[in-house]
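S.K.: Okay, so here is target32.tsv, and as you'll see once you scroll down, it has TSV, C-alpha atoms.
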```tsv
chain	number	residue	atom	x	y	z
A	1	SER	CA	-137.19	-19.51	-38.07
A	2	THR	CA	-133.90	-17.65	-37.51
A	3	PHE	CA	-132.92	-14.68	-39.67
A	4	ASP	CA	-130.28	-12.01	-39.67
A	5	VAL	CA	-132.80	-9.29	-40.57
A	6	ALA	CA	-136.61	-9.34	-40.53
A	7	VAL	CA	-138.48	-6.71	-42.57
A	8	VAL	CA	-141.99	-6.07	-41.26
A	9	GLY	CA	-144.47	-5.07	-43.96
A	10	ALA	CA	-144.86	-6.40	-47.51
A	11	GLY	CA	-145.94	-3.19	-49.15
A	12	ILE	CA	-143.94	-1.82	-52.06
A	13	VAL	CA	-141.37	-0.06	-49.80
A	14	GLY	CA	-140.86	-3.09	-47.56
A	15	LEU	CA	-140.46	-5.45	-50.52
A	16	ALA	CA	-138.12	-3.09	-52.40
A	17	SER	CA	-136.01	-2.70	-49.25
A	18	ALA	CA	-135.87	-6.45	-48.61
A	19	ARG	CA	-134.88	-7.01	-52.25
A	20	GLU	CA	-132.08	-4.44	-52.02
A	21	LEU	CA	-130.82	-5.84	-48.71
A	22	VAL	CA	-130.60	-9.45	-49.90
A	23	ARG	CA	-128.85	-8.35	-53.10
A	24	ARG	CA	-126.23	-6.44	-51.08
A	25	HIS	CA	-125.79	-9.13	-48.42
A	26	PRO	CA	-126.36	-12.50	-50.14
A	27	SER	CA	-124.71	-14.44	-47.31
A	28	LEU	CA	-127.26	-13.24	-44.73
A	29	ALA	CA	-130.75	-14.63	-44.07
A	30	PHE	CA	-133.67	-12.23	-44.60
A	31	ALA	CA	-137.40	-12.53	-43.96
A	32	VAL	CA	-140.39	-10.35	-44.79
A	33	LEU	CA	-143.29	-10.56	-42.32
A	34	GLU	CA	-146.74	-9.58	-43.60
A	35	LYS	CA	-150.00	-9.63	-41.66
A	36	GLU	CA	-152.20	-10.12	-44.74
A	37	GLN	CA	-152.37	-13.28	-46.83
A	38	GLU	CA	-151.41	-11.36	-49.96
A	39	LEU	CA	-148.68	-8.82	-50.70
A	40	ALA	CA	-149.09	-5.08	-51.36
A	41	HIS	CA	-152.64	-5.31	-50.09
A	42	HIS	CA	-153.18	-1.81	-48.68
A	43	GLN	CA	-151.57	1.50	-49.75
A	44	SER	CA	-149.46	-0.19	-52.42
A	45	GLY	CA	-152.51	-1.86	-53.95
A	46	HIS	CA	-154.91	1.08	-53.63
A	47	ASN	CA	-152.94	3.99	-55.10
A	48	SER	CA	-153.39	5.96	-58.31
A	49	GLY	CA	-150.70	4.06	-60.22
A	50	VAL	CA	-148.93	7.24	-61.34
A	51	ILE	CA	-145.17	7.24	-61.95
A	52	HIS	CA	-144.46	10.77	-60.73
A	53	SER	CA	-141.67	12.83	-62.26
A	54	GLY	CA	-140.64	14.89	-59.19
A	55	ILE	CA	-142.02	18.36	-59.94
A	56	TYR	CA	-143.67	19.25	-56.65
A	57	TYR	CA	-141.03	18.71	-54.01
A	58	THR	CA	-138.70	21.21	-52.36
A	59	PRO	CA	-135.41	21.36	-54.31
A	60	GLY	CA	-132.68	19.50	-52.47
A	61	SER	CA	-135.16	17.54	-50.32
A	62	LEU	CA	-135.05	13.76	-50.06
A	63	LYS	CA	-138.47	13.52	-51.73
A	64	ALA	CA	-137.26	15.49	-54.76
A	65	LYS	CA	-134.04	13.50	-55.19
A	66	LEU	CA	-135.64	10.11	-54.57
A	67	CYS	CA	-138.59	10.76	-56.87
A	68	VAL	CA	-136.47	11.77	-59.86
A	69	GLN	CA	-134.07	8.86	-59.27
A	70	GLY	CA	-136.93	6.49	-58.48
A	71	ALA	CA	-138.92	7.29	-61.63
A	72	ALA	CA	-135.89	6.54	-63.82
A	73	LEU	CA	-135.24	3.29	-61.90
A	74	CYS	CA	-138.92	2.33	-62.11
A	75	TYR	CA	-139.02	2.65	-65.92
A	76	GLN	CA	-135.72	0.76	-66.19
A	77	TYR	CA	-136.98	-2.02	-63.89
A	78	CYS	CA	-140.27	-2.39	-65.78
A	79	ASP	CA	-138.34	-2.67	-69.06
A	80	GLN	CA	-136.10	-5.37	-67.57
A	81	LYS	CA	-139.03	-7.36	-66.18
A	82	GLY	CA	-141.45	-6.84	-69.06
A	83	ILE	CA	-143.95	-5.08	-66.77
A	84	PRO	CA	-146.30	-2.97	-68.92
A	85	TYR	CA	-146.49	0.78	-68.33
A	86	LYS	CA	-147.52	3.86	-70.30
A	87	ARG	CA	-145.55	7.09	-70.42
A	88	CYS	CA	-148.77	9.02	-71.01
A	89	GLY	CA	-147.60	12.36	-69.60
A	90	LYS	CA	-149.26	14.87	-67.31
A	91	LEU	CA	-150.65	18.37	-67.64
A	92	ILE	CA	-150.84	20.54	-64.51
A	93	VAL	CA	-153.50	23.02	-65.59
A	94	ALA	CA	-154.15	26.56	-64.36
A	95	VAL	CA	-157.83	27.47	-64.80
A	96	GLU	CA	-157.72	30.79	-62.87
A	97	GLN	CA	-155.43	33.77	-63.35
A	98	ASP	CA	-154.17	33.66	-59.76
A	99	GLU	CA	-152.90	30.10	-60.34
A	100	ILE	CA	-150.49	31.13	-63.10
A	101	PRO	CA	-147.73	32.52	-60.82
A	102	ARG	CA	-147.89	29.29	-58.77
A	103	LEU	CA	-147.71	27.24	-61.97
A	104	LYS	CA	-144.63	29.16	-63.14
A	105	ALA	CA	-143.02	28.67	-59.72
A	106	LEU	CA	-143.76	24.95	-60.04
A	107	TYR	CA	-142.04	24.93	-63.43
A	108	GLU	CA	-138.93	26.54	-61.91
A	109	ARG	CA	-139.00	24.03	-59.08
A	110	GLY	CA	-139.22	21.14	-61.53
A	111	LEU	CA	-136.21	22.48	-63.43
A	112	GLN	CA	-134.22	22.71	-60.19
A	113	ASN	CA	-135.16	19.11	-59.47
A	114	ASN	CA	-133.83	18.04	-62.90
A	115	VAL	CA	-137.21	16.75	-64.07
A	116	PRO	CA	-136.80	15.95	-67.77
A	117	GLY	CA	-138.86	17.47	-70.60
A	118	LEU	CA	-140.83	20.12	-68.71
A	119	LYS	CA	-142.39	23.04	-70.58
A	120	LEU	CA	-145.13	25.62	-70.10
A	121	ILE	CA	-147.85	25.57	-72.75
A	122	GLY	CA	-150.84	27.76	-73.64
A	123	PRO	CA	-154.54	27.03	-74.34
A	124	LYS	CA	-154.05	25.79	-77.93
A	125	GLU	CA	-151.28	23.38	-76.96
A	126	ILE	CA	-153.39	22.15	-74.03
A	127	GLN	CA	-156.20	21.28	-76.43
A	128	ALA	CA	-153.77	19.65	-78.86
A	129	LYS	CA	-152.73	17.26	-76.08
A	130	GLU	CA	-156.10	17.00	-74.30
A	131	PRO	CA	-158.89	17.98	-76.73
A	132	PHE	CA	-161.57	18.23	-74.03
A	133	CYS	CA	-159.47	20.10	-71.45
A	134	ARG	CA	-159.72	23.87	-70.96
A	135	GLY	CA	-157.09	25.97	-69.24
A	136	LEU	CA	-155.19	29.26	-69.34
A	137	MET	CA	-151.75	27.67	-69.05
A	138	ALA	CA	-150.36	24.24	-68.24
A	139	LEU	CA	-147.12	22.62	-67.20
A	140	ASP	CA	-146.47	19.70	-69.52
A	141	SER	CA	-144.59	16.77	-67.95
A	142	PRO	CA	-144.07	14.13	-70.66
A	143	HIS	CA	-141.99	11.91	-68.33
A	144	THR	CA	-144.98	11.12	-66.05
A	145	GLY	CA	-146.42	7.64	-66.55
A	146	ILE	CA	-148.73	4.98	-65.16
A	147	VAL	CA	-148.16	1.40	-64.03
A	148	ASP	CA	-149.80	-1.26	-61.86
A	149	TYR	CA	-147.76	-0.97	-58.66
A	150	LYS	CA	-149.15	-4.22	-57.27
A	151	GLN	CA	-147.53	-5.99	-60.22
A	152	VAL	CA	-144.27	-4.12	-59.54
A	153	ALA	CA	-144.39	-5.13	-55.86
A	154	GLN	CA	-144.99	-8.80	-56.82
A	155	ALA	CA	-141.89	-8.66	-59.04
A	156	TYR	CA	-139.84	-7.27	-56.12
A	157	ALA	CA	-141.10	-10.20	-54.01
A	158	GLU	CA	-140.08	-12.71	-56.67
A	159	ASP	CA	-136.59	-11.17	-56.89
A	160	PHE	CA	-136.30	-11.34	-53.09
A	161	GLN	CA	-137.33	-15.00	-52.93
A	162	GLU	CA	-135.12	-16.00	-55.87
A	163	ALA	CA	-132.17	-14.45	-54.00
A	164	GLY	CA	-132.93	-16.67	-51.00
A	165	GLY	CA	-135.28	-14.46	-48.98
A	166	THR	CA	-138.27	-15.83	-47.05
A	167	ILE	CA	-141.76	-14.26	-47.06
A	168	LEU	CA	-144.12	-15.16	-44.21
A	169	THR	CA	-147.70	-14.04	-44.82
A	170	ASP	CA	-150.53	-14.11	-42.27
A	171	PHE	CA	-147.92	-13.08	-39.69
A	172	GLU	CA	-149.24	-10.05	-37.81
A	173	VAL	CA	-146.49	-8.77	-35.53
A	174	ALA	CA	-147.86	-8.44	-32.00
A	175	ASN	CA	-144.71	-8.33	-29.90
A	176	MET	CA	-140.95	-7.79	-30.12
A	177	GLU	CA	-138.63	-8.54	-27.23
A	178	MET	CA	-135.19	-9.79	-26.33
A	179	ALA	CA	-135.02	-13.56	-25.95
A	180	ALA	CA	-134.89	-14.70	-22.34
A	181	GLU	CA	-132.09	-17.09	-23.24
A	182	SER	CA	-129.94	-14.46	-24.98
A	183	SER	CA	-127.03	-15.43	-22.79
A	184	SER	CA	-124.33	-18.07	-22.78
A	185	GLU	CA	-127.05	-20.73	-22.26
A	186	SER	CA	-127.90	-20.74	-25.95
A	187	GLU	CA	-125.78	-20.28	-29.02
A	188	ASP	CA	-128.88	-19.28	-31.03
A	189	GLY	CA	-129.90	-16.93	-28.25
A	190	LEU	CA	-126.60	-15.13	-28.61
A	191	LYS	CA	-126.74	-14.92	-32.40
A	192	TYR	CA	-130.49	-14.24	-32.80
A	193	PRO	CA	-131.46	-12.40	-29.62
A	194	VAL	CA	-134.68	-10.69	-30.83
A	195	VAL	CA	-137.97	-12.58	-30.71
A	196	VAL	CA	-140.79	-11.41	-32.96
A	197	ARG	CA	-144.19	-12.94	-32.14
A	198	SER	CA	-147.33	-12.94	-34.22
A	199	SER	CA	-150.87	-12.43	-32.97
A	200	LYS	CA	-151.33	-16.21	-33.39
A	201	GLY	CA	-148.37	-17.01	-31.14
A	202	GLU	CA	-145.92	-17.95	-33.90
A	203	GLU	CA	-142.42	-16.59	-33.48
A	204	ILE	CA	-139.19	-16.00	-35.35
A	205	HIS	CA	-135.77	-15.08	-33.99
A	206	CYS	CA	-133.56	-12.48	-35.64
A	207	GLN	CA	-130.65	-10.13	-35.10
A	208	HIS	CA	-132.23	-6.95	-36.46
A	209	ILE	CA	-135.63	-5.61	-37.53
A	210	VAL	CA	-136.64	-3.08	-40.19
A	211	THR	CA	-140.27	-1.96	-40.11
A	212	CYS	CA	-142.02	-0.58	-43.20
A	213	ALA	CA	-145.53	-0.80	-41.81
A	214	GLY	CA	-147.31	2.15	-43.44
A	215	LEU	CA	-150.64	2.65	-41.70
A	216	TYR	CA	-149.36	0.89	-38.57
A	217	SER	CA	-145.84	2.32	-38.43
A	218	ASP	CA	-146.50	4.22	-35.18
A	219	ARG	CA	-148.09	1.16	-33.55
A	220	LEU	CA	-145.07	-1.02	-34.30
A	221	SER	CA	-142.80	1.66	-32.94
A	222	GLU	CA	-144.77	1.66	-29.67
A	223	ILE	CA	-144.75	-2.15	-29.51
A	224	SER	CA	-140.96	-2.09	-29.69
A	225	GLY	CA	-140.69	0.55	-26.95
A	226	CYS	CA	-139.75	3.38	-29.32
A	227	SER	CA	-141.40	6.79	-29.67
A	228	PRO	CA	-145.12	7.00	-30.63
A	229	GLU	CA	-144.42	10.24	-32.55
A	230	PRO	CA	-145.16	11.06	-35.32
A	231	ARG	CA	-148.63	9.55	-35.16
A	232	ILE	CA	-150.42	8.08	-38.15
A	233	VAL	CA	-153.89	9.46	-38.87
A	234	PRO	CA	-155.68	7.66	-41.73
A	235	PHE	CA	-157.32	9.73	-44.47
A	236	ARG	CA	-159.53	7.98	-46.99
A	237	GLY	CA	-159.57	9.10	-50.60
A	238	ASP	CA	-162.63	8.17	-52.66
A	239	TYR	CA	-162.39	8.10	-56.45
A	240	LEU	CA	-165.02	8.44	-59.12
A	241	VAL	CA	-164.60	6.66	-62.45
A	242	LEU	CA	-165.64	7.77	-65.92
A	243	LYS	CA	-168.14	5.46	-67.57
A	244	PRO	CA	-166.34	3.34	-70.20
A	245	GLU	CA	-168.06	5.07	-73.11
A	246	LYS	CA	-166.74	8.45	-71.86
A	247	CYS	CA	-163.08	7.50	-71.36
A	248	TYR	CA	-162.20	9.03	-74.75
A	249	MET	CA	-162.33	12.46	-73.05
A	250	VAL	CA	-159.02	11.90	-71.20
A	251	LYS	CA	-155.70	10.87	-72.78
A	252	GLY	CA	-153.12	11.47	-70.00
A	253	ASN	CA	-152.97	12.69	-66.41
A	254	ILE	CA	-154.65	16.05	-65.82
A	255	TYR	CA	-153.87	17.70	-62.47
A	256	PRO	CA	-154.82	20.99	-60.82
A	257	VAL	CA	-152.25	23.53	-59.65
A	258	PRO	CA	-151.68	22.34	-56.05
A	259	ASN	CA	-152.63	24.35	-53.03
A	260	PRO	CA	-149.31	24.89	-51.18
A	261	ARG	CA	-150.99	24.22	-47.82
A	262	PHE	CA	-152.45	20.88	-48.95
A	263	PRO	CA	-150.47	19.71	-51.96
A	264	PHE	CA	-152.09	16.25	-51.87
A	265	LEU	CA	-155.63	17.66	-52.24
A	266	GLY	CA	-157.29	18.38	-55.58
A	267	PHE	CA	-159.19	16.39	-58.18
A	268	HIS	CA	-157.08	14.61	-60.79
A	269	PHE	CA	-157.95	12.81	-64.02
A	270	THR	CA	-155.88	9.62	-63.88
A	271	PRO	CA	-155.78	7.01	-66.67
A	272	ARG	CA	-155.24	3.44	-65.54
A	273	MET	CA	-153.46	0.52	-67.15
A	274	ASP	CA	-156.80	-1.27	-67.69
A	275	GLY	CA	-158.10	1.66	-69.77
A	276	SER	CA	-160.35	3.12	-67.08
A	277	ILE	CA	-160.14	6.74	-65.89
A	278	TRP	CA	-160.12	7.55	-62.17
A	279	LEU	CA	-161.30	10.97	-61.00
A	280	GLY	CA	-160.33	12.34	-57.62
A	281	PRO	CA	-159.59	11.62	-54.87
A	282	ASN	CA	-161.05	13.61	-52.01
A	283	ALA	CA	-159.57	13.32	-48.50
A	284	VAL	CA	-161.68	12.59	-45.42
A	285	LEU	CA	-160.84	11.08	-42.04
A	286	ALA	CA	-161.12	7.29	-42.18
A	287	PHE	CA	-162.96	5.60	-39.29
A	288	LYS	CA	-160.50	2.71	-39.39
A	289	ARG	CA	-156.85	2.53	-40.43
A	290	GLU	CA	-157.73	0.17	-43.25
A	291	GLY	CA	-161.23	1.52	-43.75
A	292	TYR	CA	-162.05	1.81	-47.44
A	293	SER	CA	-165.70	2.84	-47.07
A	294	TRP	CA	-167.94	5.01	-44.86
A	295	PHE	CA	-169.11	1.81	-43.15
A	296	ASP	CA	-165.68	0.50	-42.14
A	297	PHE	CA	-165.42	1.38	-38.47
A	298	HIS	CA	-163.07	0.37	-35.67
A	299	ALA	CA	-163.92	2.00	-32.35
A	300	GLY	CA	-160.40	1.84	-30.91
A	301	GLU	CA	-158.69	3.19	-34.03
A	302	PHE	CA	-161.28	5.94	-34.49
A	303	LEU	CA	-160.96	7.07	-30.88
A	304	ASP	CA	-157.18	6.90	-31.16
A	305	ALA	CA	-157.35	9.36	-34.07
A	306	VAL	CA	-159.95	11.79	-32.70
A	307	MET	CA	-158.37	11.94	-29.24
A	308	TYR	CA	-154.99	12.93	-30.68
A	309	SER	CA	-154.35	16.61	-30.04
A	310	GLY	CA	-152.36	16.95	-33.25
A	311	LEU	CA	-155.45	16.06	-35.33
A	312	TRP	CA	-157.59	18.68	-33.59
A	313	LYS	CA	-154.96	21.36	-34.13
A	314	LEU	CA	-154.87	20.46	-37.83
A	315	VAL	CA	-158.69	20.46	-38.10
A	316	LEU	CA	-159.23	23.75	-36.29
A	317	ARG	CA	-156.60	25.52	-38.40
A	318	ASN	CA	-158.18	24.26	-41.61
A	319	LEU	CA	-161.86	23.86	-40.79
A	320	SER	CA	-163.22	25.25	-44.06
A	321	TYR	CA	-161.01	22.93	-46.15
A	322	GLY	CA	-162.09	19.93	-44.09
A	323	LEU	CA	-165.80	20.71	-44.34
A	324	SER	CA	-165.47	21.23	-48.11
A	325	GLU	CA	-163.88	17.79	-48.47
A	326	VAL	CA	-166.66	16.14	-46.44
A	327	TYR	CA	-169.32	17.97	-48.49
A	328	ARG	CA	-167.79	16.82	-51.78
A	329	ALA	CA	-167.47	13.28	-50.45
A	330	CYS	CA	-171.22	13.22	-49.80
A	331	PHE	CA	-172.50	14.92	-52.95
A	332	LEU	CA	-171.56	13.65	-56.40
A	333	SER	CA	-172.57	16.92	-58.05
A	334	ALA	CA	-170.03	18.84	-55.91
A	335	GLN	CA	-167.21	16.58	-57.13
A	336	VAL	CA	-168.33	16.88	-60.75
A	337	LYS	CA	-168.35	20.67	-60.40
A	338	GLU	CA	-164.62	20.51	-59.57
A	339	LEU	CA	-163.96	18.29	-62.58
A	340	GLN	CA	-165.88	20.65	-64.91
A	341	LYS	CA	-163.27	23.36	-64.26
A	342	PHE	CA	-160.96	21.29	-66.47
A	343	ILE	CA	-163.32	19.31	-68.72
A	344	PRO	CA	-166.62	21.21	-68.96
A	345	GLU	CA	-168.32	18.37	-70.87
A	346	VAL	CA	-168.22	15.99	-67.86
A	347	THR	CA	-171.65	15.58	-66.23
A	348	THR	CA	-172.97	13.59	-63.29
A	349	ASN	CA	-174.38	11.07	-65.81
A	350	ASP	CA	-170.83	10.35	-67.03
A	351	VAL	CA	-169.38	9.19	-63.70
A	352	LEU	CA	-169.78	6.38	-61.20
A	353	ARG	CA	-168.50	5.99	-57.66
A	354	GLY	CA	-165.23	4.09	-57.79
A	355	PRO	CA	-162.56	2.59	-55.53
A	356	SER	CA	-160.98	4.11	-52.42
A	357	GLY	CA	-157.56	4.22	-50.83
A	358	VAL	CA	-156.32	5.15	-47.36
A	359	ARG	CA	-153.35	7.47	-46.89
A	360	ALA	CA	-151.12	7.01	-43.83
A	361	GLN	CA	-150.71	10.67	-42.92
A	362	ALA	CA	-148.02	11.28	-40.33
A	363	LEU	CA	-148.88	14.13	-37.94
A	364	ASP	CA	-146.84	15.67	-35.17
A	365	SER	CA	-148.33	16.82	-31.86
A	366	ASP	CA	-148.55	20.42	-33.14
A	367	GLY	CA	-150.86	19.38	-35.95
A	368	ASN	CA	-148.25	19.69	-38.71
A	369	LEU	CA	-148.28	17.28	-41.64
A	370	VAL	CA	-144.96	15.41	-41.64
A	371	ASP	CA	-143.92	15.73	-45.25
A	372	ASP	CA	-140.53	14.02	-45.49
A	373	PHE	CA	-139.07	10.66	-44.57
A	374	VAL	CA	-138.69	9.80	-40.90
A	375	PHE	CA	-136.35	7.05	-39.69
A	376	ASP	CA	-136.37	6.10	-36.05
A	377	GLY	CA	-134.83	3.64	-33.67
A	378	GLY	CA	-134.52	3.39	-29.93
A	379	SER	CA	-132.10	2.80	-27.16
A	380	GLY	CA	-131.39	-0.23	-25.04
A	381	ASP	CA	-131.04	-3.85	-26.10
A	382	ILE	CA	-133.98	-4.03	-28.51
A	383	GLY	CA	-134.27	-0.40	-29.58
A	384	SER	CA	-130.75	-0.40	-30.92
A	385	ARG	CA	-131.60	-3.41	-33.11
A	386	ILE	CA	-134.58	-1.80	-34.86
A	387	LEU	CA	-134.91	0.66	-37.72
A	388	HIS	CA	-138.43	2.06	-38.10
A	389	VAL	CA	-139.38	3.65	-41.42
A	390	ARG	CA	-141.91	5.93	-39.73
A	391	ASN	CA	-143.01	7.94	-42.75
A	392	ALA	CA	-142.58	7.09	-46.42
A	393	PRO	CA	-144.97	9.58	-48.03
A	394	SER	CA	-146.13	9.84	-51.62
A	395	PRO	CA	-144.44	9.43	-54.07
A	396	ALA	CA	-143.14	6.35	-52.22
A	397	ALA	CA	-144.30	3.89	-54.89
A	398	THR	CA	-142.54	5.83	-57.68
A	399	SER	CA	-139.45	6.20	-55.49
A	400	SER	CA	-139.45	2.67	-54.05
A	401	LEU	CA	-136.19	1.47	-55.61
A	402	ALA	CA	-134.40	4.70	-54.65
A	403	ILE	CA	-135.88	4.59	-51.14
A	404	ALA	CA	-134.71	0.98	-50.84
A	405	LYS	CA	-131.12	2.02	-51.54
A	406	MET	CA	-131.33	4.68	-48.83
A	407	ILE	CA	-132.85	2.23	-46.33
A	408	ALA	CA	-130.16	-0.35	-47.13
A	409	ASP	CA	-127.49	2.32	-46.51
A	410	GLU	CA	-129.15	3.21	-43.20
A	411	VAL	CA	-129.35	-0.46	-42.17
A	412	LYS	CA	-125.69	-1.02	-42.97
A	413	GLN	CA	-124.66	2.02	-40.95
A	414	ARG	CA	-126.89	1.35	-37.94
A	415	PHE	CA	-126.42	-2.40	-37.69
A	416	GLU	CA	-122.87	-2.57	-39.11
A	417	LEU	CA	-123.82	-5.36	-41.49
```
Taking this structure as input, can you express it in the form of structure tokens?
M.R.:
Amino acid sequence: STFDVAVVGAGIVGLASARELVRRHPSLAFAVLEKEQELAHHQSGHNSGVIHSGIYYTPGSLKAKLCVQGAALCYQYCDQKGIPYKRCGKLIVAVEQDEIPRLKALYERGLQNNVPGLKLIGPKEIQAKEPFCRGLMALDSPHTGIVDYKQVAQAYAEDFQEAGGTILTDFEVANMEMAAESSSESEDGLKYPVVVRSSKGEEIHCQHIVTCAGLYSDRLSEISGCSPEPRIVPFRGDYLVLKPEKCYMVKGNIYPVPNPRFPFLGFHFTPRMDGSIWLGPNAVLAFKREGYSWFDFHAGEFLDAVMYSGLWKLVLRNLSYGLSEVYRACFLSAQVKELQKFIPEVTTNDVLRGPSGVRAQALDSDGNLVDDFVFDGGSGDIGSRILHVRNAPSPAATSSLAIAKMIADEVKQRFEL
């Protein structure tokens, strides 16, 4: 139960990071600690499955660089491992005249980000690619694909274990502290001075900790005595699915032109590896950090969210958007109306309510969405031994191998491995 580095969180970012670390430092002992009994159980197992190409992100930003690099690495990794994927492409479709300038700006941004194969196409070319889709203009991204990220995460875990890493499931981290005997009394105490305890009282000893805890990243930071900011506020996204006999209407990903204020909002048509088509998602406040339905409720976590001043500042600045999302979440016909802007033939009889996911949205105290990666540590004996990955926003699954390289660089620099 002694390790050089413990990685907390067996989502796709945690597993990719652990895999990269053990490959770079094969002589060291690494562990991954996961509170669930299975891996990639939450955000990594409830996402859209899209391999993003890197169009949306600010040129020069970490998200832009890591997404373009990560997509290439993801395809390469899937080829090496025999993991099935489909490079089905994506159309970002303008259905209103005022969206066309934004679409052209998105095209220029994609070119600056070195996204391969991008081109603007007109109505006839849209219909050639998506016969049921209507639009004035579209940005065609042939490099966009789909994959089952849970399968990718499992492959990362296998690589990690084959390289000598240890995965401990059902280990919910409840406490981190310096060992009382981290003095000359104990040789182990000197070498492995950090004690990590689970909620069941189990413990491991280690030299350093890396947390990749997604929905609980702020909680783990607080547990370790580091800053509670930025805070995580959970937003649930509910999907619809096309009935199987209607899936012929969609061939690849169909996306709206994003609203610059809320780029993650908007209804998408997303093909899945199993042949189904997901429609959505919306975005509403979740009543529990891992709450995948309206009925999942945790009083403490709900109060924690609604009492945070940053959330209220966000809500009050964007009240109409928020109410619209809640309305669409409640009424199927309102969601279908959004979908009909792109595929007019879709009706309420063609769709069913589908799965949900929860997004770990990082918010600062001024109510701003934290859009880029945040790494954090602390001071003192234990704080200097921890690296918190506080925010790894979408497209983290696409970028996971590239993110892992950056985290491994950060770990080497901070901990002098």
S.K.: (-135.6, 18.6, -57.0) in this file's frame - what residues fall within 8 Å of it? Use only C-alpha atoms and give the answer as a list in words.
M.R.: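 I get Gly54, Ile55, Tyr57, Thr58, Pro59, Gly60, Ser61, Lys63, Ala64, Lys65, Val68, Arg109, Gly110, Leu111, Gln112, Asn113, Asn114 and Val115 of chain A for the residues within 8 Å of that point.
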S.K.: At a cut-off of 9 Å, can you tabulate as a Markdown table every residue of region 243-279 of chain A near region 352-375 of chain A together with its closest atom pair and the distance in Å to one decimal, using all atoms listed in the file and ordering rows by chain then number?
M.R.:
```
| residue | atom | partner | partner_atom | distance |
| --- | --- | --- | --- | --- |
| A:Lys243 | CA | A:Leu352 | CA | 6.6 |
| A:Trp278 | CA | A:Gly354 | CA | 7.6 |
| A:Leu279 | CA | A:Gly354 | CA | 8.5 |
```
S.K.: Using only C-alpha atoms, which of A:Ile146, A:Leu120, A:Ile51, A:Ile343 sits nearest Thr398 (chain A)?
M.R.: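 When distances to Thr398 (chain A) are compared using only C-alpha atoms, the smallest one comes from A:Ile51.
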S.K.: Need the shell around region 405-409 of chain A: protein/DNA/RNA residues with any atom at most 8 Å away, counting all atoms listed in the file. Skip same-chain ones fewer than 6 positions apart. Format as a list in words?
M.R.: Ser17, Glu20 and Leu21 of chain A
S.K.: Within 6 Å of region 82-88 of chain A, counting all atoms listed in the file, which residues qualify if same-chain residues fewer than 5 places away don't, as a list in words?
M.R.: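 These residues fall inside the cut-off: Thr144, Gly145, Ile146, Val147 and Gly252 of chain A.
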S.K.: Rounded to one decimal in Å, what is the spacing between CA of Phe267 (chain A) and CA of Gly280 (chain A)?
M.R.: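 Calculated distance between CA of Phe267 (chain A) and CA of Gly280 (chain A) is 4.2 Å.
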S.K.: Using only C-alpha atoms, find all polymer residues with an atom at most 9 Å away from the point (-146.4, 24.1, -61.8); report them as an MDAnalysis selection string.
M.R.: chainID A and resid 55:56 92:94 99:110 120 138:140 257:258
S.K.: Would you mind listing what lies within 10 Å of Lys35 (chain A) as number ranges by chain, with only C-alpha atoms counted and same-chain residues fewer than 4 positions away left out?
M.R.: A: 8-10, 39, 41, 168-174, 198-199, 213
S.K.: So how far away is CA of Phe235 (chain A) from CA of Ala18 (chain A), in Å?
M.R.: 27.2 Å
S.K.: Of the residues A:Phe295, A:Phe3, A:Phe331, A:Tyr239, which is the one nearest to Lys191 (chain A), using all atoms listed in the file?
M.R.: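 Comparing A:Phe295, A:Phe3, A:Phe331, A:Tyr239 against Lys191 (chain A), the winner is A:Phe3.
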S.K.: Within 6 Å of Ala40 (chain A), counting all atoms listed in the file, which residues qualify if same-chain residues fewer than 3 places away don't, as a ChimeraX atom specification?
M.R.: /A:10-11,44-45,150
S.K.: Given the choices A:Glu416, A:Glu177, A:Glu34, A:Asp381, which gets closest to Thr211 (chain A) if the distance is worked out from only C-alpha atoms?
M.R.: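 When distances to Thr211 (chain A) are compared using only C-alpha atoms, the smallest one comes from A:Glu34.
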S.K.: CA of Asp148 (chain A) and CA of Lys341 (chain A), how far apart in Å?
M.R.: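 Between CA of Lys341 (chain A) and CA of Asp148 (chain A) the gap is 28.2 Å.
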S.K.: I need the residue nearest Phe342 (chain A) from this list: A:Val250, A:Ile121, A:Leu28, A:Leu73. Use all atoms listed in the file for the distance.
M.R.: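 Answer, going by the shortest atom-to-atom distance: A:Val250.
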S.K.: Pick the closest to Ala16 (chain A) from A:Met137, A:Ala153, A:Leu417, A:Ala299: which is it, counting all atoms listed in the file?
M.R.: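 Checking each of A:Met137, A:Ala153, A:Leu417, A:Ala299 against Ala16 (chain A), counting all atoms listed in the file, the winner is A:Ala153.
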